[in-house]
$ cat work_26.tsv   # TSV, C-alpha atoms
chain	number	residue	atom	x	y	z
R	66	MET	CA	-28.66	-28.46	9.59
R	67	ALA	CA	-29.43	-26.29	12.56
R	68	THR	CA	-27.28	-23.21	12.79
R	69	ASP	CA	-25.36	-22.31	15.91
R	70	GLN	CA	-23.85	-19.16	17.35
R	71	ARG	CA	-20.60	-19.75	15.48
R	72	ASP	CA	-22.42	-19.68	12.13
R	73	TRP	CA	-23.88	-16.26	12.84
R	74	GLY	CA	-20.51	-14.89	13.94
R	75	VAL	CA	-18.91	-16.17	10.73
R	76	LEU	CA	-21.79	-14.75	8.71
R	77	LEU	CA	-21.28	-11.28	10.20
R	78	ALA	CA	-17.50	-11.42	9.70
R	79	LEU	CA	-17.74	-12.58	6.08
R	80	GLY	CA	-20.52	-10.08	5.37
R	81	ALA	CA	-18.31	-7.25	6.64
R	82	LEU	CA	-15.40	-8.46	4.49
R	83	PHE	CA	-17.71	-8.67	1.46
R	84	VAL	CA	-18.86	-5.06	1.93
R	85	VAL	CA	-15.29	-3.80	2.32
R	86	ALA	CA	-14.02	-5.78	-0.68
R	87	GLU	CA	-16.87	-4.67	-2.91
R	88	ASN	CA	-16.27	-1.03	-2.02
R	89	ARG	CA	-12.54	-1.35	-2.77
R	90	ASP	CA	-13.25	-2.21	-6.40
R	91	ARG	CA	-11.44	-0.94	-9.48
R	92	VAL	CA	-13.71	0.26	-12.29
R	93	PHE	CA	-12.31	0.47	-15.82
R	94	THR	CA	-13.35	2.59	-18.76
R	95	ASP	CA	-15.28	-0.31	-20.32
R	96	GLU	CA	-17.49	-0.35	-17.17
R	97	THR	CA	-16.13	-3.66	-15.94
R	98	GLY	CA	-14.17	-3.85	-12.71
R	99	LEU	CA	-12.05	-5.83	-10.31
R	100	SER	CA	-13.19	-6.68	-6.81
R	101	GLY	CA	-12.01	-9.04	-4.13
R	102	SER	CA	-15.58	-9.85	-3.15
R	103	ILE	CA	-15.44	-13.01	-5.26
R	104	ALA	CA	-12.90	-14.48	-2.82
R	105	VAL	CA	-15.22	-13.77	0.12
R	106	ALA	CA	-18.17	-15.23	-1.78
R	107	LEU	CA	-16.33	-18.48	-2.45
R	108	ALA	CA	-15.11	-18.74	1.15
R	109	ALA	CA	-18.73	-18.35	2.27
R	110	ALA	CA	-20.00	-20.80	-0.35
R	111	PHE	CA	-17.44	-23.39	0.69
R	112	TYR	CA	-17.91	-22.97	4.43
R	113	PHE	CA	-21.70	-22.89	4.46
R	114	GLY	CA	-22.00	-25.46	1.66
R	115	VAL	CA	-19.96	-27.98	3.67
R	116	ARG	CA	-22.02	-27.23	6.79
R	117	GLY	CA	-25.29	-27.69	4.88
R	118	TRP	CA	-26.54	-24.11	5.33
R	119	GLU	CA	-26.44	-22.70	1.80
R	120	GLY	CA	-28.60	-19.79	2.91
R	121	GLY	CA	-25.61	-18.50	4.89
R	122	ALA	CA	-23.76	-17.85	1.64
R	123	PHE	CA	-26.81	-16.00	0.32
R	124	LEU	CA	-26.91	-13.75	3.39
R	125	VAL	CA	-23.20	-12.98	3.09
R	126	CYS	CA	-23.37	-12.15	-0.61
R	127	ILE	CA	-26.46	-9.91	-0.56
R	128	THR	CA	-24.33	-7.41	1.35
R	129	GLY	CA	-22.92	-6.59	-2.08
R	130	GLY	CA	-25.95	-4.36	-2.44
R	131	LEU	CA	-24.31	-2.03	0.09
R	132	TYR	CA	-22.19	-0.43	-2.63
R	133	LEU	CA	-21.56	3.12	-1.44
R	134	PRO	CA	-21.64	4.94	-4.83
R	135	HIS	CA	-25.12	3.50	-5.50
R	136	LEU	CA	-26.32	4.31	-2.00
R	137	ARG	CA	-25.00	7.88	-2.13
R	138	ALA	CA	-26.72	8.42	-5.48
R	139	LYS	CA	-29.90	6.79	-4.10
R	140	GLU	CA	-29.87	4.29	-6.96
R	141	TRP	CA	-31.95	1.78	-5.05
R	142	ALA	CA	-32.72	-0.37	-8.09
R	143	LYS	CA	-29.00	-0.89	-8.77
R	144	ALA	CA	-28.37	-1.68	-5.10
R	145	ALA	CA	-31.17	-4.24	-5.08
R	146	GLY	CA	-29.96	-5.69	-8.38
R	147	ASN	CA	-26.43	-6.08	-7.06
R	148	ALA	CA	-27.70	-7.75	-3.89
R	149	ALA	CA	-29.80	-10.17	-5.95
R	150	CYS	CA	-27.01	-11.02	-8.39
R	151	PHE	CA	-24.46	-11.64	-5.66
R	152	GLY	CA	-26.89	-13.45	-3.37
R	153	VAL	CA	-28.19	-15.85	-6.03
R	154	SER	CA	-24.67	-16.53	-7.31
R	155	GLY	CA	-23.47	-17.26	-3.78
R	156	VAL	CA	-26.28	-19.61	-2.86
R	157	VAL	CA	-25.94	-21.54	-6.16
R	158	ALA	CA	-22.19	-21.92	-5.61
R	159	ALA	CA	-22.84	-23.12	-2.05
R	160	ALA	CA	-25.42	-25.59	-3.37
R	161	VAL	CA	-22.81	-27.00	-5.75
R	162	VAL	CA	-20.46	-27.50	-2.80
R	163	GLY	CA	-23.26	-29.09	-0.78
R	164	VAL	CA	-24.16	-31.51	-3.58
R	165	CYS	CA	-20.52	-32.53	-4.02
R	166	VAL	CA	-20.20	-33.20	-0.29
R	167	GLU	CA	-23.46	-35.19	-0.30
R	168	VAL	CA	-22.22	-37.51	-3.08
R	169	GLY	CA	-19.00	-38.21	-1.21
R	170	VAL	CA	-16.47	-35.71	-2.58
R	171	SER	CA	-14.24	-34.71	0.32
R	172	PRO	CA	-13.93	-30.98	1.05
R	173	THR	CA	-10.16	-31.14	0.46
R	174	ILE	CA	-10.53	-32.58	-3.03
R	175	LEU	CA	-13.38	-30.18	-3.75
R	176	ALA	CA	-11.31	-27.13	-2.80
R	177	PHE	CA	-8.09	-28.17	-4.54
R	178	VAL	CA	-9.36	-29.92	-7.64
R	179	GLY	CA	-13.07	-29.44	-8.12
R	180	VAL	CA	-13.20	-25.66	-8.52
R	181	PRO	CA	-16.83	-26.10	-9.65
R	182	ALA	CA	-18.11	-23.58	-7.13
R	183	ALA	CA	-15.79	-20.85	-8.41
R	184	LEU	CA	-16.79	-21.44	-12.03
R	185	THR	CA	-20.47	-21.68	-11.08
R	186	TYR	CA	-20.37	-18.39	-9.16
R	187	TRP	CA	-18.53	-16.69	-12.04
R	188	ALA	CA	-20.96	-17.96	-14.68
R	189	VAL	CA	-24.18	-17.31	-12.74
R	190	ASN	CA	-23.09	-13.84	-11.66
R	191	SER	CA	-22.06	-12.95	-15.22
R	192	VAL	CA	-25.35	-14.13	-16.68
R	193	LEU	CA	-27.42	-12.25	-14.10
R	194	LEU	CA	-25.41	-9.07	-14.64
R	195	ALA	CA	-25.79	-9.52	-18.41
R	196	LEU	CA	-29.55	-9.70	-18.03
R	197	ALA	CA	-29.49	-6.45	-16.06
R	198	MET	CA	-27.18	-4.78	-18.59
R	199	THR	CA	-29.40	-5.87	-21.47
R	200	ALA	CA	-32.50	-4.48	-19.76
R	201	LEU	CA	-30.79	-1.13	-19.14
R	202	ARG	CA	-28.74	-0.65	-22.31
R	203	GLY	CA	-29.99	-3.15	-24.85
R	204	GLY	CA	-27.89	-5.57	-26.85
R	205	ARG	CA	-27.88	-9.34	-26.77
R	206	VAL	CA	-27.84	-11.19	-23.47
R	207	SER	CA	-25.42	-13.80	-24.83
R	208	ALA	CA	-22.93	-11.18	-26.02
R	209	ASN	CA	-23.07	-9.27	-22.75
R	210	ALA	CA	-22.74	-12.48	-20.72
R	211	TRP	CA	-19.77	-13.72	-22.73
R	212	GLY	CA	-18.05	-10.35	-22.39
R	213	LEU	CA	-18.42	-10.49	-18.62
R	214	ILE	CA	-17.35	-14.14	-18.37
R	215	LYS	CA	-14.11	-13.67	-20.29
R	216	SER	CA	-13.19	-10.32	-18.70
R	217	ASP	CA	-11.04	-10.10	-15.57
R	218	THR	CA	-10.33	-13.82	-15.47
R	219	VAL	CA	-7.42	-13.05	-13.16
R	220	MET	CA	-10.01	-12.90	-10.37
R	221	LEU	CA	-10.74	-16.62	-10.80
R	222	ILE	CA	-7.41	-17.28	-9.07
R	223	PHE	CA	-8.67	-15.34	-6.08
R	224	ALA	CA	-11.99	-17.17	-6.27
R	225	VAL	CA	-10.16	-20.47	-5.87
R	226	GLY	CA	-8.06	-18.82	-3.15
R	227	GLY	CA	-11.29	-17.93	-1.37
R	228	ALA	CA	-12.42	-21.55	-1.59
R	229	LEU	CA	-9.10	-22.61	-0.06
R	230	CYS	CA	-9.67	-20.15	2.78
R	231	GLY	CA	-13.05	-21.84	3.21
R	232	LEU	CA	-11.20	-25.15	3.44
R	233	VAL	CA	-8.99	-23.70	6.17
R	234	MET	CA	-12.14	-22.51	7.97
R	235	THR	CA	-13.61	-26.02	7.96
R	236	ASP	CA	-10.48	-28.16	8.42
R	237	VAL	CA	-8.06	-26.01	10.43
R	238	GLY	CA	-9.91	-23.29	12.30
R	239	THR	CA	-12.81	-21.00	11.52
R	240	TRP	CA	-11.11	-17.76	12.50
R	241	THR	CA	-7.76	-18.92	11.13
R	242	GLY	CA	-9.42	-19.21	7.74
R	243	ILE	CA	-10.98	-15.77	8.10
R	244	ALA	CA	-7.54	-14.36	8.98
R	245	ALA	CA	-6.09	-15.98	5.84
R	246	LEU	CA	-8.95	-14.55	3.79
R	247	THR	CA	-8.35	-11.08	5.24
R	248	ALA	CA	-4.65	-11.30	4.38
R	249	SER	CA	-5.53	-12.36	0.82
R	250	LEU	CA	-7.85	-9.37	0.42
R	251	VAL	CA	-5.20	-6.95	1.72
R	252	ALA	CA	-2.59	-8.35	-0.68
R	253	LEU	CA	-5.08	-8.29	-3.55
R	254	ASP	CA	-5.93	-4.67	-2.85
R	255	VAL	CA	-2.30	-3.53	-2.63
R	256	PHE	CA	-0.70	-5.56	-5.41
R	257	VAL	CA	-3.51	-5.89	-7.97
R	258	ILE	CA	-6.45	-3.54	-7.51
R	259	SER	CA	-4.59	-0.44	-6.31
R	260	VAL	CA	-1.66	-0.68	-8.72
R	261	PRO	CA	-1.89	2.34	-11.07
R	262	ALA	CA	-1.94	0.25	-14.22
R	263	GLY	CA	-4.40	-0.13	-17.02
R	264	PRO	CA	-6.76	-3.04	-17.61
R	265	ALA	CA	-4.38	-4.76	-20.03
R	266	VAL	CA	-1.62	-5.11	-17.42
R	267	LEU	CA	-3.96	-6.24	-14.66
R	268	ARG	CA	-5.89	-8.68	-16.81
R	269	SER	CA	-2.73	-10.35	-18.07
R	270	ALA	CA	-1.39	-10.75	-14.52
R	271	TRP	CA	-2.93	-14.17	-13.93
R	272	LYS	CA	0.21	-15.93	-15.18
R	273	MET	CA	2.36	-13.99	-12.74
R	274	LEU	CA	-0.08	-14.75	-9.92
R	275	LEU	CA	-0.22	-18.43	-10.81
R	276	GLY	CA	3.56	-18.66	-10.73
R	277	ARG	CA	3.63	-17.04	-7.31
R	278	VAL	CA	0.95	-19.40	-5.99
R	279	ILE	CA	2.79	-22.51	-7.22
R	280	GLY	CA	6.15	-21.30	-5.91
R	281	GLY	CA	4.70	-20.33	-2.54
R	282	ALA	CA	2.82	-23.62	-2.16
R	283	VAL	CA	5.92	-25.66	-2.95
R	284	SER	CA	8.01	-23.57	-0.56
R	285	GLY	CA	5.57	-24.08	2.31
R	286	LEU	CA	5.10	-27.81	1.73
R	287	VAL	CA	8.83	-28.46	1.44
R	288	ALA	CA	9.46	-26.46	4.61
R	289	VAL	CA	6.91	-28.57	6.47
R	290	ALA	CA	8.32	-31.85	5.15
R	291	LEU	CA	11.95	-31.04	5.95
R	292	THR	CA	11.20	-29.62	9.39
R	293	VAL	CA	9.17	-32.70	10.36
R	294	SER	CA	11.56	-35.25	8.89
R	295	LEU	CA	14.78	-33.89	10.43
R	296	SER	CA	15.37	-34.40	14.13
R	297	GLY	CA	15.95	-31.38	16.37
R	298	ALA	CA	13.77	-28.31	16.36
R	299	VAL	CA	16.55	-25.89	15.41
R	300	GLY	CA	18.18	-28.05	12.74
R	301	GLY	CA	14.85	-29.04	11.23
R	302	ALA	CA	13.62	-25.45	11.22
R	303	VAL	CA	16.76	-24.17	9.49
R	304	ALA	CA	16.68	-26.97	6.92
R	305	GLY	CA	12.98	-26.41	6.31
R	306	LEU	CA	13.42	-22.67	5.87
R	307	VAL	CA	16.40	-22.95	3.53
R	308	GLY	CA	15.00	-25.87	1.58
R	309	GLY	CA	11.62	-24.23	1.19
R	310	ILE	CA	13.11	-20.98	-0.09
R	311	VAL	CA	15.52	-22.72	-2.45
R	312	LEU	CA	12.99	-25.12	-3.98
R	313	GLY	CA	10.26	-22.48	-4.13
R	314	THR	CA	12.63	-20.18	-6.00
R	315	ILE	CA	13.65	-22.98	-8.35
R	316	ILE	CA	9.98	-23.63	-9.13
R	317	VAL	CA	9.21	-19.97	-9.87
R	318	VAL	CA	12.32	-19.47	-12.00
R	319	GLY	CA	11.71	-22.83	-13.69
R	320	ILE	CA	8.24	-21.69	-14.76
R	321	ALA	CA	9.80	-18.54	-16.24
R	322	VAL	CA	12.47	-20.54	-18.07
R	323	ALA	CA	9.91	-23.02	-19.42
R	324	ARG	CA	7.74	-20.23	-20.80
R	325	LEU	CA	10.70	-18.49	-22.38
R	326	ALA	CA	11.89	-21.76	-23.93
R	327	GLY	CA	8.38	-22.51	-25.18
R	328	ALA	CA	8.25	-19.09	-26.84
R	329	ARG	CA	11.78	-19.62	-28.24
R	330	HIS	CA	13.13	-16.52	-26.53
R	331	SER	CA	16.67	-16.17	-25.29
R	332	ILE	CA	17.15	-16.66	-21.55
R	333	ASP	CA	18.83	-13.77	-19.75
R	334	PRO	CA	20.35	-15.02	-16.44
R	335	SER	CA	20.48	-11.51	-14.95
R	336	LEU	CA	16.80	-10.98	-15.66
R	337	LEU	CA	15.94	-14.32	-14.09
R	338	ALA	CA	18.04	-13.46	-11.03
R	339	GLY	CA	16.17	-10.17	-10.68
R	340	PHE	CA	12.88	-12.00	-11.01
R	341	ALA	CA	13.89	-14.50	-8.32
R	342	LEU	CA	14.85	-11.69	-5.93
R	343	ALA	CA	11.55	-9.91	-6.59
R	344	GLU	CA	9.59	-13.06	-5.76
R	345	LEU	CA	11.74	-13.94	-2.72
R	346	PRO	CA	9.57	-12.21	-0.06
R	347	LEU	CA	6.46	-14.28	-0.86
R	348	ILE	CA	8.45	-17.50	-1.05
R	349	ALA	CA	10.15	-16.70	2.26
R	350	ILE	CA	6.80	-16.03	3.92
R	351	ALA	CA	5.52	-19.40	2.71
R	352	ALA	CA	8.65	-21.16	3.99
R	353	ILE	CA	8.44	-19.45	7.39
R	354	ALA	CA	4.78	-20.39	7.68
R	355	GLY	CA	5.61	-23.98	6.76
R	356	VAL	CA	8.26	-24.20	9.48
R	357	VAL	CA	5.88	-22.72	12.06
R	358	ALA	CA	3.12	-25.11	10.97
R	359	ALA	CA	5.44	-28.09	11.38
R	360	LEU	CA	6.57	-26.98	14.86
R	361	ALA	CA	3.39	-25.46	16.29
R	362	GLY	CA	0.50	-26.72	14.16
R	363	ALA	CA	-1.38	-25.66	11.06
R	364	ASP	CA	-3.31	-22.98	12.95
R	365	ALA	CA	-0.11	-21.18	13.94
R	366	GLY	CA	1.35	-21.53	10.44
R	367	PHE	CA	-1.64	-19.93	8.74
R	368	LEU	CA	-1.82	-17.15	11.32
R	369	VAL	CA	1.87	-16.33	10.91
R	370	ALA	CA	1.53	-16.30	7.13
R	371	SER	CA	-1.52	-14.03	7.38
R	372	VAL	CA	0.25	-11.55	9.66
R	373	LEU	CA	3.37	-11.46	7.46
R	374	VAL	CA	1.34	-10.97	4.27
R	375	ILE	CA	-0.65	-8.13	5.85
R	376	LEU	CA	2.49	-6.43	7.19
R	377	GLY	CA	4.29	-6.80	3.87
R	378	SER	CA	1.32	-5.42	1.96
R	379	ILE	CA	0.98	-2.45	4.31
R	380	GLY	CA	4.70	-1.77	3.94
R	381	ALA	CA	4.45	-1.84	0.15
R	382	ALA	CA	1.43	0.49	0.22
R	383	TRP	CA	3.25	2.91	2.56
R	384	ARG	CA	6.32	2.96	0.31
R	385	ARG	CA	4.19	3.57	-2.74
R	386	ARG	CA	2.36	6.45	-1.08
R	387	HIS	CA	5.57	8.14	0.12
R	388	GLU	CA	7.41	7.96	-3.19
R	389	GLY	CA	5.27	10.46	-5.02
R	390	GLY	CA	8.21	11.79	-6.98
R	391	VAL	CA	8.71	8.50	-8.82
R	392	GLN	CA	6.97	8.67	-12.19
R	393	VAL	CA	6.67	4.94	-12.83
R	394	ASP	CA	5.23	2.74	-10.12
R	395	ASP	CA	7.63	-0.04	-9.08
R	396	ASP	CA	4.81	-2.59	-8.89
R	397	VAL	CA	3.82	-1.85	-12.48
R	398	LEU	CA	7.45	-2.27	-13.54
R	399	LEU	CA	7.60	-5.59	-11.71
R	400	ALA	CA	4.41	-6.73	-13.41
R	401	ALA	CA	5.81	-5.70	-16.80
R	402	VAL	CA	9.13	-7.47	-16.15
R	403	THR	CA	7.35	-10.61	-14.97
R	404	GLU	CA	5.11	-10.60	-18.00
R	405	ALA	CA	8.19	-10.16	-20.15
R	406	ILE	CA	9.66	-13.28	-18.59
R	407	LEU	CA	6.51	-15.37	-18.74
R	408	ASP	CA	5.30	-14.20	-22.14
R	409	GLY	CA	8.24	-12.56	-23.87
R	410	MET	CA	5.86	-9.66	-24.57
R	411	PRO	CA	6.51	-6.80	-22.13
R	412	ASP	CA	3.71	-4.34	-21.59
R	413	PRO	CA	4.69	-0.65	-21.51
R	414	ALA	CA	4.71	0.63	-17.94
R	415	PRO	CA	1.98	3.26	-17.62
R	416	ARG	CA	3.03	6.61	-16.21
R	417	ARG	CA	1.24	8.63	-13.60
$ encode --input "work_26.tsv" --output "structure tokens"
Amino acid sequence: MATDQRDWGVLLALGALFVVAENRDRVFTDETGLSGSIAVALAAAFYFGVRGWEGGAFLVCITGGLYLPHLRAKEWAKAAGNAACFGVSGVVAAAVVGVCVEVGVSPTILAFVGVPAALTYWAVNSVLLALAMTALRGGRVSANAWGLIKSDTVMLIFAVGGALCGLVMTDVGTWTGIAALTASLVALDVFVISVPAGPAVLRSAWKMLLGRVIGGAVSGLVAVALTVSLSGAVGGAVAGLVGGIVLGTIIVVGIAVARLAGARHSIDPSLLAGFALAELPLIAIAAIAGVVAALAGADAGFLVASVLVILGSIGAAWRRRHEGGVQVDDDVLLAAVTEAILDGMPDPAPRR
């Protein structure tokens, strides 16, 4: 497929987001790390794979070689290795998307159900990094690869989220999808990567994140359905907002109750109420976006959600920065409480 001016603009925007995300990583003592670049990679793989220009994903992902610590230390071999690992992983993931589209799998099904591109990127990148680790430090390639594959699996949620942003780019609006991706990266940075917690807390957070995603999705969809089905803009909007918040909250709390019941733990209503209140902002944002989408179109809904997520994340980061006297970070406490609800096994809140 011949590229057009829009493709190059998207390539530059996604490349810039990849560089920023990769340089906002979190490195742990075991030399693994968390980075939002996987979300950008999957958005690029999905967008360019659907458009039949897999090389676009390669060009976006090789910007991962622009990792500032390596460049400052003039470690050119590591920079080139990073660029190669990311670039090859991105182009293979885009090729998987392209093949699925060629055989008749619709982009919507591919983004919501297929998830093959996310798993492919994760596996290829892990294997390539394992080969590099083995060459530098020794050991077995299989052991190093398996260690990388099973570490930081929480980021697979954001990989799928990146693919969904790619779906928005192709089906709703190119720059709307990029705005949603930007909002996702900001939230990821504030609420996952920058939280002063250890690897154990962050790596067990995927259950909390999954619950939030399900609750938010239900809230938004219900808000859209109620707003559209009820006559009158004001009445439909109010019903959509209230219904979305109520049902989204029920879903999130229901997941917590189900996990507690499955683990045969007692159910504390006050703890569940606190959990529901803590999750209310995200559910409310999803409901508001759903109402806006029903009244003004999907483009407007995604843009409103993106702006609200960015503003909320910035507010949380500002509050965290200006509460230096608090010994235990509130976000870590929330993560510990949520894990207690979902697992019945609270993690100790790390102290500064």
$ residues_around --input "work_26.tsv" --residues "R:Ile243" --least-positions-apart "5" --cutoff "10 Å" --atoms "only C-alpha atoms" --output "NGL selection string"
:R and (75 or 78-79 or 82 or 105 or 108 or 227 or 230-231 or 233-234 or 238 or 248-249 or 368 or 371)
$ write_last_selection --input "work_26.tsv" --atoms "C-alpha atoms" --output "CSV table (one decimal), in the frame of the given file"
chain,number,residue,atom,x,y,z
R,75,VAL,CA,-18.9,-16.2,10.7
R,78,ALA,CA,-17.5,-11.4,9.7
R,79,LEU,CA,-17.7,-12.6,6.1
R,82,LEU,CA,-15.4,-8.5,4.5
R,105,VAL,CA,-15.2,-13.8,0.1
R,108,ALA,CA,-15.1,-18.7,1.2
R,227,GLY,CA,-11.3,-17.9,-1.4
R,230,CYS,CA,-9.7,-20.2,2.8
R,231,GLY,CA,-13.0,-21.8,3.2
R,233,VAL,CA,-9.0,-23.7,6.2
R,234,MET,CA,-12.1,-22.5,8.0
R,238,GLY,CA,-9.9,-23.3,12.3
R,248,ALA,CA,-4.6,-11.3,4.4
R,249,SER,CA,-5.5,-12.4,0.8
R,368,LEU,CA,-1.8,-17.2,11.3
R,371,SER,CA,-1.5,-14.0,7.4
$ closest_residue --input "work_26.tsv" --among "R:Gly355, R:Val318, R:Val251, R:Ile348" --to "R:Ile379" --atoms "all atoms listed in the file"
R:Val251
$ atom_distance --input "work_26.tsv" --atom1 "atom CA of R:Phe111" --atom2 "atom CA of R:Val162"
6.2 Å
$ closest_residue --input "work_26.tsv" --among "R:Trp240, R:Phe83, R:Phe123, R:Phe151" --to "R:Asn190" --atoms "all atoms listed in the file"
R:Phe151
$ atom_distance --input "work_26.tsv" --atom1 "atom CA of R:Ala341" --atom2 "atom CA of R:Gly276"
11.4 Å
$ closest_residue --input "work_26.tsv" --among "R:Gly130, R:Gly300, R:Gly362, R:Gly313" --to "R:Ala142" --atoms "only C-alpha atoms"
R:Gly130
$ residues_around --input "work_26.tsv" --residues "R:Leu194" --least-positions-apart "4" --cutoff "10 Å" --atoms "all atoms listed in the file" --output "PyMOL selection string"
chain R and resi 146-147+149-151+188-190+198-200+206+209-210+213
$ build_atoms --input "work_26.tsv" --residues "stretch 339-364 of chain R" --atoms "N, CA and C atoms" --output "PDB file, in the coordinates of the input"
ATOM      1  N   GLY R 339      16.984 -11.271 -11.185  1.00  0.00           N
ATOM      2  CA  GLY R 339      16.170 -10.170 -10.680  1.00  0.00           C
ATOM      3  C   GLY R 339      14.749 -10.615 -10.379  1.00  0.00           C
ATOM      4  N   PHE R 340      14.225 -11.470 -11.221  1.00  0.00           N
ATOM      5  CA  PHE R 340      12.880 -12.000 -11.010  1.00  0.00           C
ATOM      6  C   PHE R 340      12.816 -12.830  -9.734  1.00  0.00           C
ATOM      7  N   ALA R 341      13.845 -13.675  -9.518  1.00  0.00           N
ATOM      8  CA  ALA R 341      13.890 -14.500  -8.320  1.00  0.00           C
ATOM      9  C   ALA R 341      13.948 -13.644  -7.059  1.00  0.00           C
ATOM     10  N   LEU R 342      14.742 -12.577  -7.085  1.00  0.00           N
ATOM     11  CA  LEU R 342      14.850 -11.690  -5.930  1.00  0.00           C
ATOM     12  C   LEU R 342      13.517 -10.973  -5.671  1.00  0.00           C
ATOM     13  N   ALA R 343      12.832 -10.595  -6.753  1.00  0.00           N
ATOM     14  CA  ALA R 343      11.550  -9.910  -6.590  1.00  0.00           C
ATOM     15  C   ALA R 343      10.501 -10.819  -5.970  1.00  0.00           C
ATOM     16  N   GLU R 344      10.572 -12.121  -6.278  1.00  0.00           N
ATOM     17  CA  GLU R 344       9.590 -13.060  -5.760  1.00  0.00           C
ATOM     18  C   GLU R 344       9.985 -13.638  -4.396  1.00  0.00           C
ATOM     19  N   LEU R 345      11.216 -13.346  -3.955  1.00  0.00           N
ATOM     20  CA  LEU R 345      11.740 -13.940  -2.720  1.00  0.00           C
ATOM     21  C   LEU R 345      10.880 -13.659  -1.487  1.00  0.00           C
ATOM     22  N   PRO R 346      10.353 -12.438  -1.290  1.00  0.00           N
ATOM     23  CA  PRO R 346       9.570 -12.210  -0.060  1.00  0.00           C
ATOM     24  C   PRO R 346       8.385 -13.168   0.108  1.00  0.00           C
ATOM     25  N   LEU R 347       7.617 -13.382  -0.967  1.00  0.00           N
ATOM     26  CA  LEU R 347       6.460 -14.280  -0.860  1.00  0.00           C
ATOM     27  C   LEU R 347       6.906 -15.707  -0.576  1.00  0.00           C
ATOM     28  N   ILE R 348       7.964 -16.143  -1.255  1.00  0.00           N
ATOM     29  CA  ILE R 348       8.450 -17.500  -1.050  1.00  0.00           C
ATOM     30  C   ILE R 348       8.971 -17.668   0.382  1.00  0.00           C
ATOM     31  N   ALA R 349       9.647 -16.637   0.887  1.00  0.00           N
ATOM     32  CA  ALA R 349      10.150 -16.700   2.260  1.00  0.00           C
ATOM     33  C   ALA R 349       9.017 -16.755   3.268  1.00  0.00           C
ATOM     34  N   ILE R 350       7.961 -15.987   3.025  1.00  0.00           N
ATOM     35  CA  ILE R 350       6.800 -16.030   3.920  1.00  0.00           C
ATOM     36  C   ILE R 350       6.204 -17.431   3.945  1.00  0.00           C
ATOM     37  N   ALA R 351       6.068 -18.045   2.769  1.00  0.00           N
ATOM     38  CA  ALA R 351       5.520 -19.400   2.710  1.00  0.00           C
ATOM     39  C   ALA R 351       6.407 -20.387   3.456  1.00  0.00           C
ATOM     40  N   ALA R 352       7.731 -20.241   3.305  1.00  0.00           N
ATOM     41  CA  ALA R 352       8.650 -21.160   3.990  1.00  0.00           C
ATOM     42  C   ALA R 352       8.582 -20.962   5.504  1.00  0.00           C
ATOM     43  N   ILE R 353       8.551 -19.719   5.947  1.00  0.00           N
ATOM     44  CA  ILE R 353       8.440 -19.450   7.390  1.00  0.00           C
ATOM     45  C   ILE R 353       7.153 -20.047   7.943  1.00  0.00           C
ATOM     46  N   ALA R 354       6.055 -19.842   7.228  1.00  0.00           N
ATOM     47  CA  ALA R 354       4.780 -20.390   7.680  1.00  0.00           C
ATOM     48  C   ALA R 354       4.823 -21.912   7.727  1.00  0.00           C
ATOM     49  N   GLY R 355       5.493 -22.523   6.763  1.00  0.00           N
ATOM     50  CA  GLY R 355       5.610 -23.980   6.760  1.00  0.00           C
ATOM     51  C   GLY R 355       6.385 -24.493   7.966  1.00  0.00           C
ATOM     52  N   VAL R 356       7.478 -23.808   8.309  1.00  0.00           N
ATOM     53  CA  VAL R 356       8.260 -24.200   9.480  1.00  0.00           C
ATOM     54  C   VAL R 356       7.419 -24.059  10.750  1.00  0.00           C
ATOM     55  N   VAL R 357       6.716 -22.936  10.878  1.00  0.00           N
ATOM     56  CA  VAL R 357       5.880 -22.720  12.060  1.00  0.00           C
ATOM     57  C   VAL R 357       4.779 -23.777  12.134  1.00  0.00           C
ATOM     58  N   ALA R 358       4.172 -24.097  10.989  1.00  0.00           N
ATOM     59  CA  ALA R 358       3.120 -25.110  10.970  1.00  0.00           C
ATOM     60  C   ALA R 358       3.647 -26.464  11.426  1.00  0.00           C
ATOM     61  N   ALA R 359       4.866 -26.803  10.989  1.00  0.00           N
ATOM     62  CA  ALA R 359       5.440 -28.090  11.380  1.00  0.00           C
ATOM     63  C   ALA R 359       5.752 -28.135  12.870  1.00  0.00           C
ATOM     64  N   LEU R 360       6.169 -27.005  13.448  1.00  0.00           N
ATOM     65  CA  LEU R 360       6.570 -26.980  14.860  1.00  0.00           C
ATOM     66  C   LEU R 360       5.410 -26.731  15.804  1.00  0.00           C
ATOM     67  N   ALA R 361       4.444 -25.890  15.364  1.00  0.00           N
ATOM     68  CA  ALA R 361       3.390 -25.460  16.290  1.00  0.00           C
ATOM     69  C   ALA R 361       1.983 -25.759  15.814  1.00  0.00           C
ATOM     70  N   GLY R 362       1.824 -26.378  14.652  1.00  0.00           N
ATOM     71  CA  GLY R 362       0.500 -26.720  14.160  1.00  0.00           C
ATOM     72  C   GLY R 362       0.055 -25.837  13.003  1.00  0.00           C
ATOM     73  N   ALA R 363      -0.896 -26.365  12.243  1.00  0.00           N
ATOM     74  CA  ALA R 363      -1.380 -25.660  11.060  1.00  0.00           C
ATOM     75  C   ALA R 363      -1.987 -24.305  11.402  1.00  0.00           C
ATOM     76  N   ASP R 364      -2.713 -24.244  12.521  1.00  0.00           N
ATOM     77  CA  ASP R 364      -3.310 -22.980  12.950  1.00  0.00           C
ATOM     78  C   ASP R 364      -2.263 -21.882  13.037  1.00  0.00           C
TER      79      ASP R 364
END
